[in-house]
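Student: To start, I am sharing the structure in question, which I have written as structure tokens.
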Amino acid sequence: MDPNPVTPNDLARELGVSPRTIRVYLRSKYGRLAGRNETRWQLDGEQAADVRREFQSRAGR
């Protein structure tokens, strides 16, 4: 795991969207946490970059 994980809340503040919207996207792309034996989203650099790309492209539409 990345030593400095990024959370949906971090990305929501950065991108100006709700944390819930970020989590909905994460579940659609990566599945539910329950199946991953985790209780909180902690994104590595690649996952965080994916979310940034997705929401920046949505803002540009």
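All residue names refer to the structure tokens as shown: chains lettered A, B, ... in order, residues numbered from 1 in each chain, ligands numbered from 1 in order.
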What parts of segment 21-61 of chain A does DSSP call alpha helix (DSSP H)? I'd like the answer as a PyMOL selection string.

Tutor: chain A and resi 21-30+45-59

Student: Output the selection as a tab-separated table (two decimals), in the first residue's frame - C-alpha atoms for each residue.

Tutor:
```tsv
chain	number	residue	atom	x	y	z
A	21	THR	CA	-19.79	10.89	-5.86
A	22	ILE	CA	-16.15	9.80	-5.67
A	23	ARG	CA	-17.10	6.64	-3.75
A	24	VAL	CA	-19.85	5.78	-6.24
A	25	TYR	CA	-17.30	5.99	-9.05
A	26	LEU	CA	-14.79	3.89	-7.09
A	27	ARG	CA	-17.38	1.15	-6.45
A	28	SER	CA	-18.32	1.08	-10.14
A	29	LYS	CA	-14.69	0.73	-11.19
A	30	TYR	CA	-13.06	-1.27	-8.37
A	45	GLY	CA	-1.19	6.84	-6.64
A	46	GLU	CA	-2.52	5.05	-9.72
A	47	GLN	CA	-6.09	4.90	-8.41
A	48	ALA	CA	-5.99	8.56	-7.33
A	49	ALA	CA	-4.71	9.56	-10.78
A	50	ASP	CA	-7.56	7.57	-12.36
A	51	VAL	CA	-10.15	9.43	-10.27
A	52	ARG	CA	-8.55	12.78	-11.11
A	53	ARG	CA	-8.62	12.02	-14.85
A	54	GLU	CA	-12.25	10.90	-14.69
A	55	PHE	CA	-13.55	13.93	-12.82
A	56	GLN	CA	-11.44	16.44	-14.71
A	57	SER	CA	-12.82	15.04	-17.97
A	58	ARG	CA	-16.36	15.28	-16.58
A	59	ALA	CA	-15.77	18.92	-15.69
```

Student: Write out as a PyMOL selection string the residues lying within 12 Å of Asp10 of chain A, counting only C-alpha atoms and excluding same-chain residues fewer than 2 positions away.

Tutor: chain A and resi 4-8+12-20+22-23+41-43+48+51-52

Student: Quick one: write out the picked residues with N, CA and C atoms as a PDB file, in the first residue's frame?

Tutor:
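The new file out.pdb reads:
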```pdb
ATOM      1  N   ASN A   4       1.502   7.074   1.622  1.00  0.00           N
ATOM      2  CA  ASN A   4       0.642   8.246   1.806  1.00  0.00           C
ATOM      3  C   ASN A   4      -0.630   8.064   0.997  1.00  0.00           C
ATOM      4  N   PRO A   5      -1.529   7.203   1.469  1.00  0.00           N
ATOM      5  CA  PRO A   5      -2.748   6.950   0.691  1.00  0.00           C
ATOM      6  C   PRO A   5      -3.623   8.191   0.601  1.00  0.00           C
ATOM      7  N   VAL A   6      -4.389   8.240  -0.470  1.00  0.00           N
ATOM      8  CA  VAL A   6      -5.336   9.332  -0.707  1.00  0.00           C
ATOM      9  C   VAL A   6      -6.730   8.779  -0.441  1.00  0.00           C
ATOM     10  N   THR A   7      -7.574   9.576   0.187  1.00  0.00           N
ATOM     11  CA  THR A   7      -8.939   9.135   0.473  1.00  0.00           C
ATOM     12  C   THR A   7      -9.918   9.821  -0.472  1.00  0.00           C
ATOM     13  N   PRO A   8     -11.137   9.284  -0.586  1.00  0.00           N
ATOM     14  CA  PRO A   8     -12.159   9.969  -1.376  1.00  0.00           C
ATOM     15  C   PRO A   8     -12.412  11.398  -0.886  1.00  0.00           C
ATOM     16  N   ALA A  12     -12.253  14.651  -3.143  1.00  0.00           N
ATOM     17  CA  ALA A  12     -13.463  15.464  -3.261  1.00  0.00           C
ATOM     18  C   ALA A  12     -13.137  16.938  -3.024  1.00  0.00           C
ATOM     19  N   ARG A  13     -12.347  17.219  -1.998  1.00  0.00           N
ATOM     20  CA  ARG A  13     -11.942  18.608  -1.725  1.00  0.00           C
ATOM     21  C   ARG A  13     -11.136  19.164  -2.895  1.00  0.00           C
ATOM     22  N   GLU A  14     -10.213  18.371  -3.392  1.00  0.00           N
ATOM     23  CA  GLU A  14      -9.351  18.801  -4.500  1.00  0.00           C
ATOM     24  C   GLU A  14     -10.145  19.070  -5.778  1.00  0.00           C
ATOM     25  N   LEU A  15     -11.120  18.199  -6.069  1.00  0.00           N
ATOM     26  CA  LEU A  15     -11.833  18.262  -7.341  1.00  0.00           C
ATOM     27  C   LEU A  15     -13.154  19.022  -7.281  1.00  0.00           C
ATOM     28  N   GLY A  16     -13.589  19.389  -6.086  1.00  0.00           N
ATOM     29  CA  GLY A  16     -14.827  20.148  -5.948  1.00  0.00           C
ATOM     30  C   GLY A  16     -16.089  19.338  -6.195  1.00  0.00           C
ATOM     31  N   VAL A  17     -16.055  18.060  -5.820  1.00  0.00           N
ATOM     32  CA  VAL A  17     -17.243  17.199  -5.924  1.00  0.00           C
ATOM     33  C   VAL A  17     -17.488  16.559  -4.561  1.00  0.00           C
ATOM     34  N   SER A  18     -18.629  15.920  -4.398  1.00  0.00           N
ATOM     35  CA  SER A  18     -18.925  15.323  -3.092  1.00  0.00           C
ATOM     36  C   SER A  18     -18.149  14.016  -2.919  1.00  0.00           C
ATOM     37  N   PRO A  19     -17.770  13.708  -1.680  1.00  0.00           N
ATOM     38  CA  PRO A  19     -17.098  12.434  -1.414  1.00  0.00           C
ATOM     39  C   PRO A  19     -17.957  11.242  -1.852  1.00  0.00           C
ATOM     40  N   ARG A  20     -19.268  11.365  -1.710  1.00  0.00           N
ATOM     41  CA  ARG A  20     -20.161  10.277  -2.109  1.00  0.00           C
ATOM     42  C   ARG A  20     -20.023  10.009  -3.612  1.00  0.00           C
ATOM     43  N   ILE A  22     -17.439  10.487  -5.476  1.00  0.00           N
ATOM     44  CA  ILE A  22     -16.150   9.797  -5.672  1.00  0.00           C
ATOM     45  C   ILE A  22     -16.301   8.321  -5.311  1.00  0.00           C
ATOM     46  N   ARG A  23     -16.950   8.031  -4.173  1.00  0.00           N
ATOM     47  CA  ARG A  23     -17.103   6.638  -3.748  1.00  0.00           C
ATOM     48  C   ARG A  23     -17.967   5.836  -4.711  1.00  0.00           C
ATOM     49  N   TRP A  41     -11.754   3.429   2.002  1.00  0.00           N
ATOM     50  CA  TRP A  41     -11.008   3.590   0.761  1.00  0.00           C
ATOM     51  C   TRP A  41      -9.699   4.303   1.058  1.00  0.00           C
ATOM     52  N   GLN A  42      -8.595   3.680   0.674  1.00  0.00           N
ATOM     53  CA  GLN A  42      -7.280   4.301   0.716  1.00  0.00           C
ATOM     54  C   GLN A  42      -6.650   4.017  -0.633  1.00  0.00           C
ATOM     55  N   LEU A  43      -6.570   5.041  -1.451  1.00  0.00           N
ATOM     56  CA  LEU A  43      -6.176   4.875  -2.836  1.00  0.00           C
ATOM     57  C   LEU A  43      -4.681   5.033  -3.006  1.00  0.00           C
ATOM     58  N   ALA A  48      -5.704   7.135  -7.497  1.00  0.00           N
ATOM     59  CA  ALA A  48      -5.990   8.557  -7.326  1.00  0.00           C
ATOM     60  C   ALA A  48      -5.882   9.288  -8.667  1.00  0.00           C
ATOM     61  N   VAL A  51      -9.006   8.626 -10.712  1.00  0.00           N
ATOM     62  CA  VAL A  51     -10.146   9.434 -10.265  1.00  0.00           C
ATOM     63  C   VAL A  51      -9.977  10.873 -10.753  1.00  0.00           C
ATOM     64  N   ARG A  52      -8.785  11.406 -10.639  1.00  0.00           N
ATOM     65  CA  ARG A  52      -8.550  12.785 -11.107  1.00  0.00           C
ATOM     66  C   ARG A  52      -8.852  12.918 -12.600  1.00  0.00           C
TER      67      ARG A  52
END
```
